[in-house]
Amino acid sequence: MFFKLARNSLLNRRGTVLLTVLSIAVSILVLLGVDHIRHEAKRNFSQTVSGVDLIVGARTGQVNLLLYSVFHIGNATHNIGWRSYQHVASDPNVAWTIPIALGDSHRGFRVLGTSADFFRHFRYGQQTALTFSDGKPFAQLLEVVIGAQVAAQLGYRVGDRIVLAHGLGSTSFSKHDDMPFTVSGILQPTGTPLDRTLQVSLEAIEAIHLGWQDGVRVPGQQPDAATLAQQDLTPRSITAFMVGLKSKMATFRLQRSINEYPGEPLLAILPGVVLTELWGTLAVVENTLQIVAGLVLVASLLGMCTMLLASMQERQREFAILRAIGAGPGFIWLAIELEILLMVITGMVLAVLLLGGGILALQGFISAQWGVFISADLLHPHTGLLLLSILLGALLLGCIPALRASLLALHGKLRPG
Amino acid sequence: MTQPAPSTQEPPAQEPSTPDSAAAITLTQLRFSYGKKVAPVLDIPHWQLPRGAQVFLKGASGSGKSSLLNLLAGILHAAPGAIQLLGQDPARMSSRQRDRFRARHVGLVFQQFNLIPYLSVLDNIRLAHHFAHAGKAGVQERTQQLFDALKLDNRLLQQRADRISVGQQQRVAIARALINGPEILLADEPTSALDSELRDRFIELLLQLCRQQGSTLVFVSHDSQLSHHFPQVVALDSLNQARQVHHVF
C-alpha cells in the first residue's frame, strides 16, 4: 500500500518527475562514465604489456615512446638502426628481444613488422602468452598473422590473400599490391591493441618496400619473385624493440648503457614506471573530471529537492487527507523519502543501462580511435559503493522536503480546499 | 442516551477500553488560541454529546469551527482535560496513539477533495483501513455494504478517485470515513460542493448510515437550510464564549 502510494503519486506528476529522473540519470551517467573509463583505461594500459623489462626506441619523450610502441597511439619520429638493435640484443643480460617495425597498414588496421620471437615471448594481461584461434605464426616471407578483431571485422580466414598499404589511414593510395600476403594464422582475442593489428616478418616489411623511395614506388624497379629470393632482406632500421632480461637486477644498468649508446641517440624505458608517470600527468585532468561529475550530481539532487519542495504546496491537500485518516507525520516523511528512493533508483538503472548500452555501441569506435578497450561490465565493487553513497546522499538531502511535508501536514489545517 | 450499536470491528485488546457510559464528546473549559499572545478563538465552558447523537453544528466561517474540528480530530492540541473523546483524552496520548485513535474511532468528511486523487476509489478506502491496523479481512465486504447503502456503483471502485463526479466523491468519502466503524463522524460542510437536489439525498444517506452504524455525527455547516434534517441543532456561537475573531486561513 505504502509503495503503491509513492508510485502512484510519482506517476501522477510524471512530467516533472520524468525530467528529474532524467537529470539524475544523466548526472549519474557522467559520474559513473568518468569513473569507469578512468578505470578501464588504466586496466587496459597496464594489461597490454606484461613481462617486458625495457622498451627501446629513438630518443623522444618517454611517454611518447611507450604510446607508439605498445599502444600504437601516435607515430615514431625516428627509427633506430638495425646495428643498434643487434648491439643491445647481444648483451649477455638480455634473454630475448622483440623488434617492432610500424608504418604500414591494411584497411585502417596497423601492420606490425616483427620476428617469430614475438609469438614466443610476448605476454599480456597476467603473463598470458599469445595463442592462435586458427592457423600458426608466419613462416614464409609473404605470410601474415591477423588479430581477432581484424579477422572478425574484415571476415578474413586462414588462406585469404590480402594487400598491405603504405602509411596509415584506411584509404591509402599507395598500396603494396604487387606483393599480396597470405593469412597464416588468426590470434585469439587479447583485449589489447594487438586485436587490431596484423603481424608480418621484418623481412616482409623490407621486401614490400624494395624499389620504393621516400614513400613512393619508383616505376620499373619492382623486384620479381626470383630477384626477391636473392635479395638480402635484413632490415636497415626498425621502430623500437622490447627487451626481456635474464635478471631484473640488470635493468637499470642496461637502461643507462642504452641511453648512453654512442652509435645513435637511443632511449630505454621501464614500461611500468612510465605508465605511472603517465597517470601522474593525467591525474589533474582525472581529478578535475571527477570533481565536475560530482558537482553535476549535487546540482541534480538539489534540483530534485527543489522540485519536491515546489510540489509541497499543491500536495498539502493530499497530506491533510492522509493525516485525517490516521497517518502520522512519520508516515508522510517516509512516503516522501520513498518517492526519492524510487526516483534515484530509477535514475541509476537508467544511467547504468545508458552507459552500458553506450559503451557497447561505441566500443569498436573507441578501440579503433584510441586503441583502448572499454568493457561494458560496469559493476565493480566500488561502483556499488559509489551508487550506495549517492543513494544515501539523496535520502539525506530528501530530509528537507520530507520534513517540510510532515510539518506541513501537522501544522497545516486539516480541512483542505 | 441511545445505546451504541456494537461496532462490527471492535479494536484488539491492546487498545484501552472505552466505557460504554462515556459520552462521545465532552468539552470542559476548552480554550484554544493560536499562540500565547493571541486572543483565543475557542472558549467553550462545557458541551457534551452523547453517543449516537446527530447534531447540526451551525457556524459561520471564522466562528472557530475549523479549529474545533481539528481539535476533535486530534490534529490541534488542547490542554489536558479539556477534551474527552469516548472517555479518553487525546492530550494525554502520544502522537502515535493519537493518530491510531483517529484512524479507528474518528471519521472525517471534508467539504471537497476527500480522496487521494491518484489512487483508485478502492485503494483510498483500503488506505483508511490500513491505518486502523485492523487486519486485511473484511474490507471488501464492508466496502460492498457501504457502497450498497450509499447507492454507489461497484464499478467505481476501480476508477481513479479524481475521475468520478463530485457527488460520487463525497459519497465515497463517507464510505472511506466509515470503513473502520468509527464511533464519531465529523463532517465539515460536506455538501457545499453539491447542488441542492443532491444535497438533501446526501444528508439523508449520511444520517441513515450513521444510525445503522451507531456513529455519533457532528455535521458542521453555515447553511441553516440544512438544519431541518437533524434532530439536534446547536449554534457554535452559543457555545463559544470567545470574542469573534475572524480567523481566516
# chains A, B, ... in the order shown; residues from 1 in each chain; ligands from 1
$ residues_around --residues "Ser33 (chain B)" --least-positions-apart "6" --cutoff "10 Å" --atoms "only C-alpha atoms" --output "PyMOL selection string"
chain B and resi 39-43+64+67+78+242
$ closest_atom_pairs --of "chain B" --to "chain A" --cutoff "6 Å" --atoms "only C-alpha atoms" --output "Markdown table"
| residue | atom | partner | partner_atom | distance |
| --- | --- | --- | --- | --- |
| B:Asp99 | CA | A:Gly326 | CA | 4.7 |
| B:Arg100 | CA | A:Gly326 | CA | 5.9 |
| B:Arg102 | CA | A:Gly326 | CA | 5.5 |
| B:Ala103 | CA | A:Gly326 | CA | 4.2 |
| B:Ile116 | CA | A:Glu318 | CA | 5.9 |
| B:Tyr118 | CA | A:Asn8 | CA | 6.0 |
| B:Ala128 | CA | A:Ile325 | CA | 5.4 |
| B:Phe131 | CA | A:Gly326 | CA | 5.7 |
$ residues_around --residues "region 223-226 of chain B" --least-positions-apart "4" --cutoff "10 Å" --atoms "only C-alpha atoms" --output "PyMOL selection string"
chain B and resi 56-60+189+191-192+196+199-200+203+219+230+233+235
$ residues_around --residues "Thr48 (chain A)" --least-positions-apart "2" --cutoff "9 Å" --atoms "only C-alpha atoms" --output "PyMOL selection string"
chain A and resi 43-46+50+70-71+123-125+190-194
$ write_last_selection --atoms "N, CA, C and O atoms" --output "mmCIF file, in the first residue's frame"
data_model
loop_
_atom_site.group_PDB
_atom_site.id
_atom_site.type_symbol
_atom_site.label_atom_id
_atom_site.label_comp_id
_atom_site.auth_asym_id
_atom_site.auth_seq_id
_atom_site.Cartn_x
_atom_site.Cartn_y
_atom_site.Cartn_z
ATOM 1 N N ARG A 43 43.333 -0.131 -16.542
ATOM 2 C CA ARG A 43 43.398 -1.593 -16.617
ATOM 3 C C ARG A 43 43.966 -2.003 -17.972
ATOM 4 O O ARG A 43 44.861 -2.842 -18.070
ATOM 5 N N ASN A 44 43.420 -1.353 -19.006
ATOM 6 C CA ASN A 44 43.859 -1.636 -20.361
ATOM 7 C C ASN A 44 45.331 -1.427 -20.553
ATOM 8 O O ASN A 44 46.037 -2.278 -21.046
ATOM 9 N N PHE A 45 45.758 -0.239 -20.153
ATOM 10 C CA PHE A 45 47.150 0.119 -20.383
ATOM 11 C C PHE A 45 48.069 -0.806 -19.611
ATOM 12 O O PHE A 45 49.085 -1.250 -20.123
ATOM 13 N N SER A 46 47.659 -1.121 -18.356
ATOM 14 C CA SER A 46 48.583 -1.933 -17.576
ATOM 15 C C SER A 46 48.536 -3.395 -18.007
ATOM 16 O O SER A 46 49.432 -4.157 -17.708
ATOM 17 N N SER A 50 53.097 -7.063 -20.525
ATOM 18 C CA SER A 50 53.435 -7.645 -19.235
ATOM 19 C C SER A 50 54.727 -8.452 -19.408
ATOM 20 O O SER A 50 54.911 -9.114 -20.413
ATOM 21 N N VAL A 70 53.793 0.458 -27.808
ATOM 22 C CA VAL A 70 52.928 -0.570 -27.217
ATOM 23 C C VAL A 70 51.461 -0.364 -27.592
ATOM 24 O O VAL A 70 50.755 -1.295 -27.937
ATOM 25 N N PHE A 71 51.023 0.912 -27.525
ATOM 26 C CA PHE A 71 49.593 1.144 -27.699
ATOM 27 C C PHE A 71 49.227 1.598 -29.100
ATOM 28 O O PHE A 71 48.066 1.814 -29.408
ATOM 29 N N ARG A 123 53.930 -11.222 -23.817
ATOM 30 C CA ARG A 123 52.917 -11.543 -22.796
ATOM 31 C C ARG A 123 52.014 -10.336 -22.593
ATOM 32 O O ARG A 123 52.450 -9.204 -22.701
ATOM 33 N N TYR A 124 50.729 -10.602 -22.276
ATOM 34 C CA TYR A 124 49.812 -9.508 -21.942
ATOM 35 C C TYR A 124 48.997 -9.947 -20.735
ATOM 36 O O TYR A 124 49.072 -11.103 -20.316
ATOM 37 N N GLY A 125 48.201 -9.021 -20.190
ATOM 38 C CA GLY A 125 47.355 -9.340 -19.042
ATOM 39 C C GLY A 125 48.184 -9.886 -17.900
ATOM 40 O O GLY A 125 49.201 -9.317 -17.526
ATOM 41 N N THR A 190 42.692 -10.703 -27.344
ATOM 42 C CA THR A 190 43.520 -10.421 -26.175
ATOM 43 C C THR A 190 42.984 -9.236 -25.379
ATOM 44 O O THR A 190 43.389 -9.010 -24.254
ATOM 45 N N GLY A 191 42.096 -8.447 -25.984
ATOM 46 C CA GLY A 191 41.645 -7.230 -25.312
ATOM 47 C C GLY A 191 42.716 -6.165 -25.293
ATOM 48 O O GLY A 191 42.709 -5.280 -24.444
ATOM 49 N N THR A 192 43.671 -6.243 -26.191
ATOM 50 C CA THR A 192 44.728 -5.236 -26.286
ATOM 51 C C THR A 192 44.740 -4.713 -27.724
ATOM 52 O O THR A 192 44.045 -5.250 -28.592
ATOM 53 N N PRO A 193 45.555 -3.687 -28.002
ATOM 54 C CA PRO A 193 45.614 -3.177 -29.379
ATOM 55 C C PRO A 193 46.048 -4.231 -30.392
ATOM 56 O O PRO A 193 45.841 -4.049 -31.597
ATOM 57 N N LEU A 194 46.599 -5.356 -29.924
ATOM 58 C CA LEU A 194 47.025 -6.406 -30.862
ATOM 59 C C LEU A 194 45.851 -6.975 -31.649
ATOM 60 O O LEU A 194 46.027 -7.450 -32.768
#
$ atom_distance --atom1 "CA of Leu207 (chain B)" --atom2 "CA of Gln97 (chain B)"
28.8 Å
$ atom_distance --atom1 "CA of Gly398 (chain A)" --atom2 "CA of Leu338 (chain A)"
9.6 Å
$ residues_around --residues "Asp91 (chain A)" --least-positions-apart "3" --cutoff "12 Å" --atoms "only C-alpha atoms" --output "list of chain:residue names"
A:Ser84, A:Tyr85, A:Gln86, A:His87, A:Val88, A:Val94, A:Ala95, A:Trp96, A:Thr97, A:Val243, A:Gly244, A:Leu245, A:Lys246, A:Ala250, A:Thr251, A:Arg253, A:Leu254, A:Gln255, A:Ser257, A:Ile258
$ select_by_dssp --residues "region 58-143 of chain A" --states "strand (DSSP E)" --output "PyMOL selection string"
chain A and resi 58+80-81+94-106+109-114+123-124+128-129+132-135+143
$ atom_distance --atom1 "CA of Lys65 (chain B)" --atom2 "CA of Pro80 (chain B)"
20.0 Å
$ residues_around --residues "Ala25 (chain A)" --least-positions-apart "5" --cutoff "12 Å" --atoms "only C-alpha atoms" --output "list in words"
Val17, Leu18, Leu19, Thr20, Val30, Leu31, Leu32, Gly33, Val296, Leu297, Ser300, Leu301, Met304, Met343, Val344, Ile345, Thr346, Gly347, Met348, Val349, Leu350, Ala351, Val352, Leu353, Leu354, Leu355, Leu387 and Ile390 of chain A
$ closest_residue --among "A:Ile162, A:Val34, A:Ala405, A:Leu308" --to "Val285 (chain A)" --atoms "only C-alpha atoms"
A:Val34
$ select_by_dssp --residues "region 13-117 of chain B" --states "alpha helix (DSSP H)" --output "ChimeraX atom specification"
/B:65-73,95-105
$ write_last_selection --atoms "C-alpha atoms" --output "tab-separated table (two decimals), in the first residue's frame"
chain	number	residue	atom	x	y	z
B	65	LYS	CA	-15.43	25.63	13.66
B	66	SER	CA	-12.28	24.59	11.77
B	67	SER	CA	-10.31	24.87	14.96
B	68	LEU	CA	-12.91	22.87	16.85
B	69	LEU	CA	-12.90	20.12	14.20
B	70	ASN	CA	-9.12	19.98	14.21
B	71	LEU	CA	-9.16	19.70	17.99
B	72	LEU	CA	-11.78	16.93	17.91
B	73	ALA	CA	-9.75	15.10	15.26
B	95	SER	CA	1.29	11.43	18.89
B	96	ARG	CA	1.33	7.87	17.59
B	97	GLN	CA	-1.58	6.89	19.82
B	98	ARG	CA	-3.49	9.95	18.67
B	99	ASP	CA	-3.01	9.01	15.03
B	100	ARG	CA	-4.10	5.47	15.79
B	101	PHE	CA	-7.12	6.70	17.76
B	102	ARG	CA	-8.15	8.94	14.89
B	103	ALA	CA	-7.81	6.10	12.41
B	104	ARG	CA	-10.03	3.81	14.46
B	105	HIS	CA	-12.56	5.97	16.19
